[in-house]
Amino acid sequence: MMFNLRYSREMALKEISVEGYEAIRNSTVCVVGIGATGSPVADLFVRAGVGRIRLIDGDTVDISNLHRQILFSEKDIDRKKVDAAEERLKSVNSGCTIEKIPEFLNKENAAEYLEGCNLVIDGTDNMETRRLINSFCVGSRKPWIFISSIGTVAQVKAVIPGVTSCLECFVDPSESYQMSCEETGVLASAPLMASSLAWTMAVRILTGKGENGDLFYIDPWYHKAEQIHINRNPQCKSCSSI
């Protein structure tokens, strides 16, 4: 009875329904980067009753994180992010299995750590890791979603290999440097809005509703939102062969 009551509002939503909830419950989601964008996605998935969530992050909590990274509080400063996140998420829903990996994703461990997931969420803040995720997910035909936020702006895009454009279809091959939040700052609402959209995309994918792979640009400070369609690049070195 308590189980049904807990997810009753989720299952009552016609866009999700009981079947959609079961799909979420039987899924494993990997969140790479438990910061301003990864934290809200992880929180929403645990509240939605995801069966298993894998958290990958080698960083520790810093006081400068607290204004936007919603899984952490002052008592978590200097703790490993995955440890603090696990504690918080378990307090929200003890029924979810949480796997924590206190390491940064790299070329040596990507295949091991991303394997076995139904979907990957990229909550990192660097292009090198994002490209690594794209390469693995395209190669293994695994859907993934990237979220980025800097200043007042955030961007979100789903990649479904063989269906939508991938990261390399539109990002300049020479692009590697990204401005950091330390340099530019970040408006706390921007990653939250983007993460909510990314989670919704993820639920649509996991429940079989699909996604078109459009790039969403959000700027809450200037009240701007834009949806940009990106065609698959027939010359893309990453996804053109699938």
# chains A, B, ... in the order shown; residues from 1 in each chain; ligands from 1
$ residues_around --residues "stretch 124-134 of chain A" --least-positions-apart "2" --cutoff "10 Å" --atoms "only C-alpha atoms" --output "PDB file with N, CA, C and O atoms, in the first residue's frame"
ATOM      1  N   VAL A  31      25.063   8.687 -13.677  1.00  0.00           N
ATOM      2  CA  VAL A  31      25.243  10.132 -13.643  1.00  0.00           C
ATOM      3  C   VAL A  31      26.730  10.412 -13.460  1.00  0.00           C
ATOM      4  O   VAL A  31      27.317  10.070 -12.432  1.00  0.00           O
ATOM      5  N   VAL A  32      27.324  11.040 -14.462  1.00  0.00           N
ATOM      6  CA  VAL A  32      28.759  11.372 -14.419  1.00  0.00           C
ATOM      7  C   VAL A  32      28.886  12.839 -14.025  1.00  0.00           C
ATOM      8  O   VAL A  32      28.492  13.728 -14.772  1.00  0.00           O
ATOM      9  N   GLY A  33      29.419  13.081 -12.839  1.00  0.00           N
ATOM     10  CA  GLY A  33      29.536  14.446 -12.335  1.00  0.00           C
ATOM     11  C   GLY A  33      28.362  14.792 -11.441  1.00  0.00           C
ATOM     12  O   GLY A  33      27.235  14.946 -11.913  1.00  0.00           O
ATOM     13  N   ILE A  34      28.620  14.903 -10.136  1.00  0.00           N
ATOM     14  CA  ILE A  34      27.534  15.146  -9.170  1.00  0.00           C
ATOM     15  C   ILE A  34      27.635  16.593  -8.698  1.00  0.00           C
ATOM     16  O   ILE A  34      27.820  16.875  -7.506  1.00  0.00           O
ATOM     17  N   GLY A  35      27.552  17.506  -9.651  1.00  0.00           N
ATOM     18  CA  GLY A  35      27.646  18.915  -9.324  1.00  0.00           C
ATOM     19  C   GLY A  35      26.327  19.634  -9.498  1.00  0.00           C
ATOM     20  O   GLY A  35      25.268  19.114  -9.154  1.00  0.00           O
ATOM     21  N   ALA A  36      26.395  20.817 -10.098  1.00  0.00           N
ATOM     22  CA  ALA A  36      25.201  21.661 -10.223  1.00  0.00           C
ATOM     23  C   ALA A  36      24.140  21.045 -11.120  1.00  0.00           C
ATOM     24  O   ALA A  36      22.945  21.264 -10.921  1.00  0.00           O
ATOM     25  N   THR A  37      24.555  20.262 -12.119  1.00  0.00           N
ATOM     26  CA  THR A  37      23.588  19.637 -13.022  1.00  0.00           C
ATOM     27  C   THR A  37      23.329  18.176 -12.665  1.00  0.00           C
ATOM     28  O   THR A  37      22.199  17.698 -12.760  1.00  0.00           O
ATOM     29  N   GLY A  38      24.348  17.460 -12.245  1.00  0.00           N
ATOM     30  CA  GLY A  38      24.165  16.057 -11.900  1.00  0.00           C
ATOM     31  C   GLY A  38      23.358  15.857 -10.628  1.00  0.00           C
ATOM     32  O   GLY A  38      22.583  14.899 -10.505  1.00  0.00           O
ATOM     33  N   ILE A  56      29.286   8.813 -10.526  1.00  0.00           N
ATOM     34  CA  ILE A  56      30.723   8.840 -10.826  1.00  0.00           C
ATOM     35  C   ILE A  56      31.243  10.255 -10.632  1.00  0.00           C
ATOM     36  O   ILE A  56      30.848  11.178 -11.347  1.00  0.00           O
ATOM     37  N   ASP A  57      32.133  10.438  -9.666  1.00  0.00           N
ATOM     38  CA  ASP A  57      32.730  11.750  -9.422  1.00  0.00           C
ATOM     39  C   ASP A  57      33.883  11.582  -8.444  1.00  0.00           C
ATOM     40  O   ASP A  57      33.713  10.994  -7.372  1.00  0.00           O
ATOM     41  N   PHE A 104      37.231  10.100 -11.251  1.00  0.00           N
ATOM     42  CA  PHE A 104      36.865  10.842 -12.448  1.00  0.00           C
ATOM     43  C   PHE A 104      36.857   9.879 -13.631  1.00  0.00           C
ATOM     44  O   PHE A 104      37.670   8.951 -13.701  1.00  0.00           O
ATOM     45  N   LEU A 105      35.953  10.091 -14.545  1.00  0.00           N
ATOM     46  CA  LEU A 105      35.879   9.261 -15.740  1.00  0.00           C
ATOM     47  C   LEU A 105      37.056   9.594 -16.651  1.00  0.00           C
ATOM     48  O   LEU A 105      37.394  10.759 -16.856  1.00  0.00           O
ATOM     49  N   ASN A 106      37.695   8.560 -17.208  1.00  0.00           N
ATOM     50  CA  ASN A 106      38.796   8.775 -18.140  1.00  0.00           C
ATOM     51  C   ASN A 106      38.819   7.651 -19.163  1.00  0.00           C
ATOM     52  O   ASN A 106      37.993   6.733 -19.126  1.00  0.00           O
ATOM     53  N   LYS A 107      39.755   7.711 -20.077  1.00  0.00           N
ATOM     54  CA  LYS A 107      39.827   6.729 -21.160  1.00  0.00           C
ATOM     55  C   LYS A 107      40.040   5.319 -20.629  1.00  0.00           C
ATOM     56  O   LYS A 107      39.591   4.342 -21.242  1.00  0.00           O
ATOM     57  N   ALA A 110      36.385   4.313 -18.627  1.00  0.00           N
ATOM     58  CA  ALA A 110      35.061   4.633 -19.177  1.00  0.00           C
ATOM     59  C   ALA A 110      34.261   3.391 -19.543  1.00  0.00           C
ATOM     60  O   ALA A 110      33.071   3.281 -19.197  1.00  0.00           O
ATOM     61  N   ALA A 111      34.867   2.457 -20.233  1.00  0.00           N
ATOM     62  CA  ALA A 111      34.135   1.269 -20.673  1.00  0.00           C
ATOM     63  C   ALA A 111      33.609   0.477 -19.476  1.00  0.00           C
ATOM     64  O   ALA A 111      32.467  -0.003 -19.483  1.00  0.00           O
ATOM     65  N   LEU A 114      30.788   2.820 -17.451  1.00  0.00           N
ATOM     66  CA  LEU A 114      29.557   3.170 -18.170  1.00  0.00           C
ATOM     67  C   LEU A 114      28.798   1.941 -18.662  1.00  0.00           C
ATOM     68  O   LEU A 114      27.649   2.053 -19.092  1.00  0.00           O
ATOM     69  N   VAL A 120      22.972   7.319 -19.838  1.00  0.00           N
ATOM     70  CA  VAL A 120      24.027   8.084 -19.161  1.00  0.00           C
ATOM     71  C   VAL A 120      23.656   9.564 -19.154  1.00  0.00           C
ATOM     72  O   VAL A 120      23.236  10.113 -20.169  1.00  0.00           O
ATOM     73  N   ILE A 121      23.809  10.201 -17.994  1.00  0.00           N
ATOM     74  CA  ILE A 121      23.654  11.643 -17.864  1.00  0.00           C
ATOM     75  C   ILE A 121      25.027  12.258 -17.680  1.00  0.00           C
ATOM     76  O   ILE A 121      25.778  11.869 -16.779  1.00  0.00           O
ATOM     77  N   ASP A 122      25.372  13.200 -18.543  1.00  0.00           N
ATOM     78  CA  ASP A 122      26.655  13.892 -18.428  1.00  0.00           C
ATOM     79  C   ASP A 122      26.457  15.199 -17.668  1.00  0.00           C
ATOM     80  O   ASP A 122      25.902  16.159 -18.190  1.00  0.00           O
ATOM     81  N   PHE A 136      31.939   6.603 -26.250  1.00  0.00           N
ATOM     82  CA  PHE A 136      31.532   5.308 -25.707  1.00  0.00           C
ATOM     83  C   PHE A 136      30.068   5.014 -26.005  1.00  0.00           C
ATOM     84  O   PHE A 136      29.713   3.916 -26.432  1.00  0.00           O
ATOM     85  N   CYS A 137      29.214   6.001 -25.753  1.00  0.00           N
ATOM     86  CA  CYS A 137      27.767   5.769 -25.900  1.00  0.00           C
ATOM     87  C   CYS A 137      27.373   5.547 -27.357  1.00  0.00           C
ATOM     88  O   CYS A 137      26.526   4.700 -27.645  1.00  0.00           O
ATOM     89  N   VAL A 138      27.978   6.296 -28.276  1.00  0.00           N
ATOM     90  CA  VAL A 138      27.692   6.070 -29.690  1.00  0.00           C
ATOM     91  C   VAL A 138      28.155   4.679 -30.100  1.00  0.00           C
ATOM     92  O   VAL A 138      27.439   3.936 -30.774  1.00  0.00           O
ATOM     93  N   GLY A 139      29.358   4.312 -29.660  1.00  0.00           N
ATOM     94  CA  GLY A 139      29.900   3.001 -30.010  1.00  0.00           C
ATOM     95  C   GLY A 139      29.088   1.848 -29.456  1.00  0.00           C
ATOM     96  O   GLY A 139      28.992   0.791 -30.080  1.00  0.00           O
ATOM     97  N   SER A 140      28.499   2.034 -28.284  1.00  0.00           N
ATOM     98  CA  SER A 140      27.704   0.962 -27.663  1.00  0.00           C
ATOM     99  C   SER A 140      26.204   1.169 -27.850  1.00  0.00           C
ATOM    100  O   SER A 140      25.402   0.435 -27.273  1.00  0.00           O
ATOM    101  N   ARG A 141      25.858   2.197 -28.649  1.00  0.00           N
ATOM    102  CA  ARG A 141      24.455   2.520 -28.939  1.00  0.00           C
ATOM    103  C   ARG A 141      23.630   2.726 -27.674  1.00  0.00           C
ATOM    104  O   ARG A 141      22.520   2.219 -27.534  1.00  0.00           O
ATOM    105  N   LYS A 142      24.208   3.487 -26.784  1.00  0.00           N
ATOM    106  CA  LYS A 142      23.575   3.775 -25.503  1.00  0.00           C
ATOM    107  C   LYS A 142      23.133   5.241 -25.482  1.00  0.00           C
ATOM    108  O   LYS A 142      23.926   6.149 -25.741  1.00  0.00           O
ATOM    109  N   PRO A 143      21.876   5.547 -25.179  1.00  0.00           N
ATOM    110  CA  PRO A 143      21.442   6.943 -25.137  1.00  0.00           C
ATOM    111  C   PRO A 143      22.117   7.700 -23.997  1.00  0.00           C
ATOM    112  O   PRO A 143      22.379   7.137 -22.929  1.00  0.00           O
ATOM    113  N   TRP A 144      22.387   8.973 -24.261  1.00  0.00           N
ATOM    114  CA  TRP A 144      22.958   9.805 -23.209  1.00  0.00           C
ATOM    115  C   TRP A 144      22.480  11.240 -23.387  1.00  0.00           C
ATOM    116  O   TRP A 144      21.984  11.612 -24.446  1.00  0.00           O
ATOM    117  N   ILE A 145      22.595  12.023 -22.325  1.00  0.00           N
ATOM    118  CA  ILE A 145      22.131  13.406 -22.333  1.00  0.00           C
ATOM    119  C   ILE A 145      23.212  14.278 -21.713  1.00  0.00           C
ATOM    120  O   ILE A 145      23.736  13.940 -20.644  1.00  0.00           O
ATOM    121  N   PHE A 146      23.550  15.362 -22.390  1.00  0.00           N
ATOM    122  CA  PHE A 146      24.508  16.274 -21.771  1.00  0.00           C
ATOM    123  C   PHE A 146      23.813  17.537 -21.304  1.00  0.00           C
ATOM    124  O   PHE A 146      22.852  18.007 -21.889  1.00  0.00           O
ATOM    125  N   ILE A 147      24.326  18.055 -20.182  1.00  0.00           N
ATOM    126  CA  ILE A 147      23.839  19.290 -19.590  1.00  0.00           C
ATOM    127  C   ILE A 147      25.056  20.163 -19.325  1.00  0.00           C
ATOM    128  O   ILE A 147      26.036  19.697 -18.748  1.00  0.00           O
ATOM    129  N   SER A 148      25.002  21.404 -19.741  1.00  0.00           N
ATOM    130  CA  SER A 148      26.091  22.324 -19.427  1.00  0.00           C
ATOM    131  C   SER A 148      25.493  23.643 -18.965  1.00  0.00           C
ATOM    132  O   SER A 148      24.409  24.036 -19.402  1.00  0.00           O
ATOM    133  N   SER A 149      26.206  24.311 -18.059  1.00  0.00           N
ATOM    134  CA  SER A 149      25.716  25.594 -17.561  1.00  0.00           C
ATOM    135  C   SER A 149      26.885  26.471 -17.159  1.00  0.00           C
ATOM    136  O   SER A 149      27.795  26.022 -16.453  1.00  0.00           O
ATOM    137  N   ILE A 150      26.855  27.709 -17.615  1.00  0.00           N
ATOM    138  CA  ILE A 150      27.889  28.686 -17.286  1.00  0.00           C
ATOM    139  C   ILE A 150      27.258  30.073 -17.350  1.00  0.00           C
ATOM    140  O   ILE A 150      26.396  30.322 -18.202  1.00  0.00           O
ATOM    141  N   VAL A 159      21.186  12.495 -26.911  1.00  0.00           N
ATOM    142  CA  VAL A 159      21.810  11.792 -28.032  1.00  0.00           C
ATOM    143  C   VAL A 159      21.331  10.345 -28.011  1.00  0.00           C
ATOM    144  O   VAL A 159      21.563   9.621 -27.042  1.00  0.00           O
ATOM    145  N   PRO A 161      21.982   7.238 -30.252  1.00  0.00           N
ATOM    146  CA  PRO A 161      22.805   6.778 -31.373  1.00  0.00           C
ATOM    147  C   PRO A 161      21.981   6.103 -32.466  1.00  0.00           C
ATOM    148  O   PRO A 161      21.116   5.281 -32.198  1.00  0.00           O
ATOM    149  N   CYS A 166      24.788  13.414 -32.859  1.00  0.00           N
ATOM    150  CA  CYS A 166      25.590  13.227 -31.653  1.00  0.00           C
ATOM    151  C   CYS A 166      26.382  14.504 -31.377  1.00  0.00           C
ATOM    152  O   CYS A 166      26.282  15.493 -32.118  1.00  0.00           O
ATOM    153  N   LEU A 167      27.175  14.494 -30.347  1.00  0.00           N
ATOM    154  CA  LEU A 167      27.961  15.679 -29.979  1.00  0.00           C
ATOM    155  C   LEU A 167      28.884  16.102 -31.102  1.00  0.00           C
ATOM    156  O   LEU A 167      29.019  17.289 -31.419  1.00  0.00           O
ATOM    157  N   GLU A 168      29.545  15.134 -31.730  1.00  0.00           N
ATOM    158  CA  GLU A 168      30.538  15.452 -32.745  1.00  0.00           C
ATOM    159  C   GLU A 168      29.913  15.926 -34.051  1.00  0.00           C
ATOM    160  O   GLU A 168      30.613  16.435 -34.924  1.00  0.00           O
ATOM    161  N   VAL A 171      29.871  19.970 -32.825  1.00  0.00           N
ATOM    162  CA  VAL A 171      30.928  20.638 -32.070  1.00  0.00           C
ATOM    163  C   VAL A 171      32.210  20.653 -32.899  1.00  0.00           C
ATOM    164  O   VAL A 171      32.588  19.647 -33.490  1.00  0.00           O
ATOM    165  N   PRO A 173      35.754  20.119 -33.991  1.00  0.00           N
ATOM    166  CA  PRO A 173      36.714  19.106 -33.537  1.00  0.00           C
ATOM    167  C   PRO A 173      37.871  19.681 -32.727  1.00  0.00           C
ATOM    168  O   PRO A 173      38.461  18.984 -31.902  1.00  0.00           O
ATOM    169  N   GLU A 175      37.593  22.165 -30.621  1.00  0.00           N
ATOM    170  CA  GLU A 175      37.117  22.783 -29.381  1.00  0.00           C
ATOM    171  C   GLU A 175      37.415  21.893 -28.191  1.00  0.00           C
ATOM    172  O   GLU A 175      37.013  20.739 -28.136  1.00  0.00           O
ATOM    173  N   SER A 176      38.134  22.433 -27.230  1.00  0.00           N
ATOM    174  CA  SER A 176      38.453  21.667 -26.032  1.00  0.00           C
ATOM    175  C   SER A 176      38.326  22.504 -24.766  1.00  0.00           C
ATOM    176  O   SER A 176      37.922  22.012 -23.723  1.00  0.00           O
ATOM    177  N   TYR A 177      38.635  23.792 -24.872  1.00  0.00           N
ATOM    178  CA  TYR A 177      38.600  24.641 -23.678  1.00  0.00           C
ATOM    179  C   TYR A 177      37.202  25.179 -23.436  1.00  0.00           C
ATOM    180  O   TYR A 177      36.510  25.583 -24.372  1.00  0.00           O
ATOM    181  N   GLN A 178      36.806  25.164 -22.188  1.00  0.00           N
ATOM    182  CA  GLN A 178      35.540  25.762 -21.787  1.00  0.00           C
ATOM    183  C   GLN A 178      35.783  26.694 -20.618  1.00  0.00           C
ATOM    184  O   GLN A 178      36.568  26.392 -19.718  1.00  0.00           O
ATOM    185  N   MET A 179      35.101  27.834 -20.632  1.00  0.00           N
ATOM    186  CA  MET A 179      35.166  28.723 -19.477  1.00  0.00           C
ATOM    187  C   MET A 179      34.629  27.981 -18.254  1.00  0.00           C
ATOM    188  O   MET A 179      33.728  27.159 -18.361  1.00  0.00           O
ATOM    189  N   SER A 180      35.189  28.289 -17.086  1.00  0.00           N
ATOM    190  CA  SER A 180      34.758  27.621 -15.866  1.00  0.00           C
ATOM    191  C   SER A 180      33.841  28.515 -15.048  1.00  0.00           C
ATOM    192  O   SER A 180      33.808  29.736 -15.213  1.00  0.00           O
ATOM    193  N   CYS A 181      33.094  27.879 -14.135  1.00  0.00           N
ATOM    194  CA  CYS A 181      32.227  28.642 -13.240  1.00  0.00           C
ATOM    195  C   CYS A 181      33.048  29.544 -12.333  1.00  0.00           C
ATOM    196  O   CYS A 181      32.582  30.603 -11.914  1.00  0.00           O
ATOM    197  N   SER A 238      32.069  10.155 -35.673  1.00  0.00           N
ATOM    198  CA  SER A 238      31.621   9.367 -34.542  1.00  0.00           C
ATOM    199  C   SER A 238      30.402   8.514 -34.856  1.00  0.00           C
ATOM    200  O   SER A 238      30.368   7.329 -34.536  1.00  0.00           O
ATOM    201  N   CYS A 239      29.382   9.109 -35.501  1.00  0.00           N
ATOM    202  CA  CYS A 239      28.116   8.374 -35.606  1.00  0.00           C
ATOM    203  C   CYS A 239      27.632   8.100 -37.033  1.00  0.00           C
ATOM    204  O   CYS A 239      26.586   7.484 -37.204  1.00  0.00           O
TER     205      CYS A 239
END
$ residues_around --residues "A:Pro40" --least-positions-apart "5" --cutoff "7 Å" --atoms "only C-alpha atoms" --output "number ranges by chain"
A: 70, 192, 195
$ closest_residue --among "A:Phe72, A:Tyr222, A:Tyr217, A:Phe45" --to "A:Val156" --atoms "only C-alpha atoms"
A:Tyr217
$ closest_residue --among "A:Val61, A:Val18, A:Leu66, A:Ala190" --to "A:Arg79" --atoms "only C-alpha atoms"
A:Val61
$ closest_residue --among "A:Arg9, A:Lys81, A:Val29, A:Thr164" --to "A:Tyr113" --atoms "only C-alpha atoms"
A:Val29
$ residues_around --residues "A:Thr152" --least-positions-apart "4" --cutoff "9 Å" --atoms "only C-alpha atoms" --output "list of chain:residue names"
A:Gly185, A:Val186, A:Leu187, A:Ala188, A:Ser189, A:Ala190, A:Pro191, A:Ile218, A:Asp219, A:Pro220, A:Trp221, A:Tyr222
$ closest_residue --among "A:Ala158, A:Val46, A:Asn109, A:Asn231" --to "A:Leu71" --atoms "only C-alpha atoms"
A:Val46
$ closest_residue --among "A:Val163, A:Val92, A:Cys169, A:Ala84" --to "A:Lys237" --atoms "only C-alpha atoms"
A:Cys169
$ select_by_dssp --residues "stretch 52-242 of chain A" --states "strand (DSSP E)" --output "MDAnalysis selection string"
chainID A and resid 52:56 97:101 119:122 144:150 153:159 215:219 224:228
$ atom_distance --atom1 "atom CA of A:Ala85" --atom2 "atom CA of A:Ser39"
7.9 Å
$ select_by_dssp --residues "stretch 108-178 of chain A" --states "helix (DSSP H, G or I)" --output "list in words"
Ala110, Ala111, Glu112, Tyr113, Leu114, Met127, Glu128, Thr129, Arg130, Arg131, Leu132, Ile133, Asn134, Ser135, Phe136, Cys137, Val138, Gly139, Leu167, Glu168 and Cys169 of chain A
$ closest_atom_pairs --of "stretch 39-108 of chain A" --to "stretch 201-208 of chain A" --cutoff "12 Å" --atoms "only C-alpha atoms" --output "tab-separated table"
residue	atom	partner	partner_atom	distance
A:Val41	CA	A:Ala202	CA	9.4
A:Ala42	CA	A:Ala202	CA	11.4
A:Leu44	CA	A:Val203	CA	10.4
A:Phe45	CA	A:Val203	CA	8.8
A:Ala48	CA	A:Val203	CA	9.6
A:Gly49	CA	A:Val203	CA	11.5
A:Val50	CA	A:Val203	CA	10.0
$ atom_distance --atom1 "atom CA of A:Ala23" --atom2 "atom CA of A:Arg52"
11.8 Å
$ closest_residue --among "A:Arg54, A:Lys224, A:Lys75, A:Arg25" --to "A:Lys100" --atoms "only C-alpha atoms"
A:Arg54
$ atom_distance --atom1 "atom CA of A:Met193" --atom2 "atom CA of A:Ile77"
24.7 Å
$ decode --residues "stretch 106-128 of chain A" --atoms "N, CA and C atoms" --output "PDB file, in the first residue's frame"
ATOM      1  N   ASN A 106      37.695   8.560 -17.208  1.00  0.00           N
ATOM      2  CA  ASN A 106      38.796   8.775 -18.140  1.00  0.00           C
ATOM      3  C   ASN A 106      38.819   7.651 -19.163  1.00  0.00           C
ATOM      4  N   LYS A 107      39.755   7.711 -20.077  1.00  0.00           N
ATOM      5  CA  LYS A 107      39.827   6.729 -21.160  1.00  0.00           C
ATOM      6  C   LYS A 107      40.040   5.319 -20.629  1.00  0.00           C
ATOM      7  N   GLU A 108      40.735   5.200 -19.519  1.00  0.00           N
ATOM      8  CA  GLU A 108      41.061   3.879 -18.987  1.00  0.00           C
ATOM      9  C   GLU A 108      39.862   3.209 -18.312  1.00  0.00           C
ATOM     10  N   ASN A 109      38.976   3.990 -17.714  1.00  0.00           N
ATOM     11  CA  ASN A 109      37.896   3.364 -16.942  1.00  0.00           C
ATOM     12  C   ASN A 109      36.498   3.540 -17.543  1.00  0.00           C
ATOM     13  N   ALA A 110      36.385   4.313 -18.627  1.00  0.00           N
ATOM     14  CA  ALA A 110      35.061   4.633 -19.177  1.00  0.00           C
ATOM     15  C   ALA A 110      34.261   3.391 -19.543  1.00  0.00           C
ATOM     16  N   ALA A 111      34.867   2.457 -20.233  1.00  0.00           N
ATOM     17  CA  ALA A 111      34.135   1.269 -20.673  1.00  0.00           C
ATOM     18  C   ALA A 111      33.609   0.477 -19.476  1.00  0.00           C
ATOM     19  N   GLU A 112      34.406   0.368 -18.434  1.00  0.00           N
ATOM     20  CA  GLU A 112      33.995  -0.382 -17.244  1.00  0.00           C
ATOM     21  C   GLU A 112      32.880   0.333 -16.492  1.00  0.00           C
ATOM     22  N   TYR A 113      33.025   1.627 -16.297  1.00  0.00           N
ATOM     23  CA  TYR A 113      32.091   2.363 -15.451  1.00  0.00           C
ATOM     24  C   TYR A 113      30.770   2.711 -16.141  1.00  0.00           C
ATOM     25  N   LEU A 114      30.788   2.820 -17.451  1.00  0.00           N
ATOM     26  CA  LEU A 114      29.557   3.170 -18.170  1.00  0.00           C
ATOM     27  C   LEU A 114      28.798   1.941 -18.662  1.00  0.00           C
ATOM     28  N   GLU A 115      29.438   0.792 -18.606  1.00  0.00           N
ATOM     29  CA  GLU A 115      28.788  -0.432 -19.059  1.00  0.00           C
ATOM     30  C   GLU A 115      27.666  -0.810 -18.094  1.00  0.00           C
ATOM     31  N   GLY A 116      26.620  -1.428 -18.640  1.00  0.00           N
ATOM     32  CA  GLY A 116      25.541  -1.930 -17.805  1.00  0.00           C
ATOM     33  C   GLY A 116      24.482  -0.908 -17.455  1.00  0.00           C
ATOM     34  N   CYS A 117      24.592   0.298 -17.996  1.00  0.00           N
ATOM     35  CA  CYS A 117      23.587   1.334 -17.747  1.00  0.00           C
ATOM     36  C   CYS A 117      22.634   1.420 -18.934  1.00  0.00           C
ATOM     37  N   ASN A 118      21.405   1.774 -18.663  1.00  0.00           N
ATOM     38  CA  ASN A 118      20.438   2.000 -19.744  1.00  0.00           C
ATOM     39  C   ASN A 118      20.565   3.377 -20.351  1.00  0.00           C
ATOM     40  N   LEU A 119      21.094   4.314 -19.565  1.00  0.00           N
ATOM     41  CA  LEU A 119      21.200   5.700 -20.027  1.00  0.00           C
ATOM     42  C   LEU A 119      22.253   6.410 -19.191  1.00  0.00           C
ATOM     43  N   VAL A 120      22.972   7.319 -19.838  1.00  0.00           N
ATOM     44  CA  VAL A 120      24.027   8.084 -19.161  1.00  0.00           C
ATOM     45  C   VAL A 120      23.656   9.564 -19.154  1.00  0.00           C
ATOM     46  N   ILE A 121      23.809  10.201 -17.994  1.00  0.00           N
ATOM     47  CA  ILE A 121      23.654  11.643 -17.864  1.00  0.00           C
ATOM     48  C   ILE A 121      25.027  12.258 -17.680  1.00  0.00           C
ATOM     49  N   ASP A 122      25.372  13.200 -18.543  1.00  0.00           N
ATOM     50  CA  ASP A 122      26.655  13.892 -18.428  1.00  0.00           C
ATOM     51  C   ASP A 122      26.457  15.199 -17.668  1.00  0.00           C
ATOM     52  N   GLY A 123      26.916  15.225 -16.422  1.00  0.00           N
ATOM     53  CA  GLY A 123      26.851  16.433 -15.614  1.00  0.00           C
ATOM     54  C   GLY A 123      28.224  17.009 -15.362  1.00  0.00           C
ATOM     55  N   THR A 124      29.150  16.744 -16.266  1.00  0.00           N
ATOM     56  CA  THR A 124      30.523  17.229 -16.102  1.00  0.00           C
ATOM     57  C   THR A 124      30.639  18.661 -16.608  1.00  0.00           C
ATOM     58  N   ASP A 125      31.811  19.216 -16.466  1.00  0.00           N
ATOM     59  CA  ASP A 125      32.002  20.601 -16.901  1.00  0.00           C
ATOM     60  C   ASP A 125      33.210  20.752 -17.816  1.00  0.00           C
ATOM     61  N   ASN A 126      33.551  19.671 -18.523  1.00  0.00           N
ATOM     62  CA  ASN A 126      34.679  19.790 -19.457  1.00  0.00           C
ATOM     63  C   ASN A 126      34.424  18.991 -20.730  1.00  0.00           C
ATOM     64  N   MET A 127      34.901  19.525 -21.834  1.00  0.00           N
ATOM     65  CA  MET A 127      34.617  18.950 -23.147  1.00  0.00           C
ATOM     66  C   MET A 127      35.308  17.613 -23.351  1.00  0.00           C
ATOM     67  N   GLU A 128      36.475  17.420 -22.758  1.00  0.00           N
ATOM     68  CA  GLU A 128      37.204  16.165 -22.940  1.00  0.00           C
ATOM     69  C   GLU A 128      36.381  14.981 -22.426  1.00  0.00           C
TER      70      GLU A 128
END
